[in-house]
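Enquirer: Take a look at the following structure, please.
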Amino acid sequence: MQTANIRQEAYRLLEKLPENATWDDLMYEIYIRQAIEAGLEDSKTGRTLDVKDVRAKFGLPK
C-alpha cells in the first residue's frame with residue numbers, strides 16, 4: 001500500500017473506533033488490517049497452500 005493510502009486508512013480506522021476505544025483496540029484493528037493485506041498479497045503472488053496439504057501436514061482429518 002502506498003504511503004498516502006496508509007495515512008488515509010489509518011484515519012478511517014480511527015473514525016470507526018468507538019469514543020471509548022483503547023490503544024489495544026487500535027493496535028488490534030491495525031494488526032488485522034495488516035494481516036489481511038499480507039494474505040491478499042500472498043494470494044496474488046501464488047504463495048498459498050491447498051487445504052488438503054495443510055491438513056495432511058498437521059495430521060488433521062479430511
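For the C-alpha cells, the naming scheme is as follows: chains receive sequential letters (A, B, ...) according to their order of presentation, residues are indexed from 1 within each chain, and ligands are indexed from 1 in presentation order.
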For region 22-38 of chain A, find every residue with an atom within 9 Å (counting only C-alpha atoms), except residues of its own chain fewer than 5 positions away, and show them as a compact mmCIF listing (two decimals) with N, CA and C atoms, in the first residue's frame.
Expert:
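Saved the output as result14.txt:
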```txt
# COMPACT_ATOMS: atom_id res chain seq x y z
N MET A 1 0.84 -1.17 0.00
CA MET A 1 0.00 0.00 0.00
C MET A 1 0.89 1.24 0.00
N ALA A 10 -5.42 4.76 8.02
CA ALA A 10 -5.27 4.95 9.46
C ALA A 10 -6.36 5.87 9.98
N LEU A 13 -9.60 3.95 10.05
CA LEU A 13 -9.67 3.04 11.19
C LEU A 13 -10.02 3.80 12.47
N LEU A 14 -9.39 4.96 12.65
CA LEU A 14 -9.67 5.78 13.83
C LEU A 14 -11.12 6.23 13.86
N LEU A 17 -13.60 3.56 15.17
CA LEU A 17 -13.49 3.12 16.55
C LEU A 17 -14.47 3.91 17.43
N SER A 43 -1.78 -14.36 -1.75
CA SER A 43 -2.68 -14.99 -2.70
C SER A 43 -2.40 -14.54 -4.13
```
Enquirer: What's the separation between CA of Gly39 (chain A) and CA of Val51 (chain A), in Å to one decimal place?
Expert: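 We find that CA of Gly39 (chain A) and CA of Val51 (chain A) lie 14.9 Å from each other.
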Enquirer: Can you tell me, as a compact mmCIF listing (two decimals) with C-alpha atoms, in the first residue's frame, which residues in chain A count as helix (DSSP H, G or I) by DSSP?
Expert:
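Once everything was written out, this is out-v4.txt:
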```
# COMPACT_ATOMS: atom_id res chain seq x y z
CA THR A 3 2.18 5.89 1.99
CA ALA A 4 -0.67 8.31 1.24
CA ASN A 5 -3.12 5.43 1.31
CA ILE A 6 -1.74 4.21 4.66
CA ARG A 7 -2.45 7.61 6.22
CA GLN A 8 -5.97 7.62 4.77
CA GLU A 9 -6.63 4.09 6.00
CA ALA A 10 -5.27 4.95 9.46
CA TYR A 11 -7.68 7.86 9.69
CA ARG A 12 -10.50 5.61 8.51
CA LEU A 13 -9.67 3.04 11.19
CA LEU A 14 -9.67 5.78 13.83
CA GLU A 15 -13.01 7.12 12.64
CA LYS A 16 -14.74 3.76 13.00
CA TRP A 23 -4.80 1.78 22.41
CA ASP A 24 -5.19 -2.02 22.35
CA ASP A 25 -8.35 -1.65 20.25
CA LEU A 26 -6.48 0.50 17.74
CA MET A 27 -3.49 -1.85 17.67
CA TYR A 28 -5.83 -4.80 17.07
CA GLU A 29 -7.51 -3.06 14.14
CA ILE A 30 -4.13 -2.23 12.61
CA TYR A 31 -2.90 -5.80 13.12
CA ILE A 32 -6.00 -7.28 11.49
CA ARG A 33 -5.74 -4.89 8.53
CA GLN A 34 -2.06 -5.72 8.06
CA ALA A 35 -2.70 -9.47 8.26
CA ILE A 36 -5.48 -9.28 5.67
CA GLU A 37 -3.32 -7.24 3.28
CA ALA A 38 -0.42 -9.69 3.69
CA GLY A 39 -2.75 -12.61 2.96
CA LEU A 40 -4.15 -10.95 -0.13
CA GLU A 41 -0.63 -10.23 -1.38
CA ASP A 42 0.36 -13.86 -0.76
CA SER A 43 -2.68 -14.99 -2.70
CA LYS A 44 -1.89 -12.70 -5.64
CA VAL A 51 -6.21 -27.06 2.35
CA LYS A 52 -5.63 -30.78 1.81
CA ASP A 53 -1.86 -30.26 2.09
CA VAL A 54 -2.17 -28.24 5.30
CA ARG A 55 -4.48 -30.84 6.86
CA ALA A 56 -2.06 -33.63 5.92
CA LYS A 57 0.92 -31.69 7.31
```
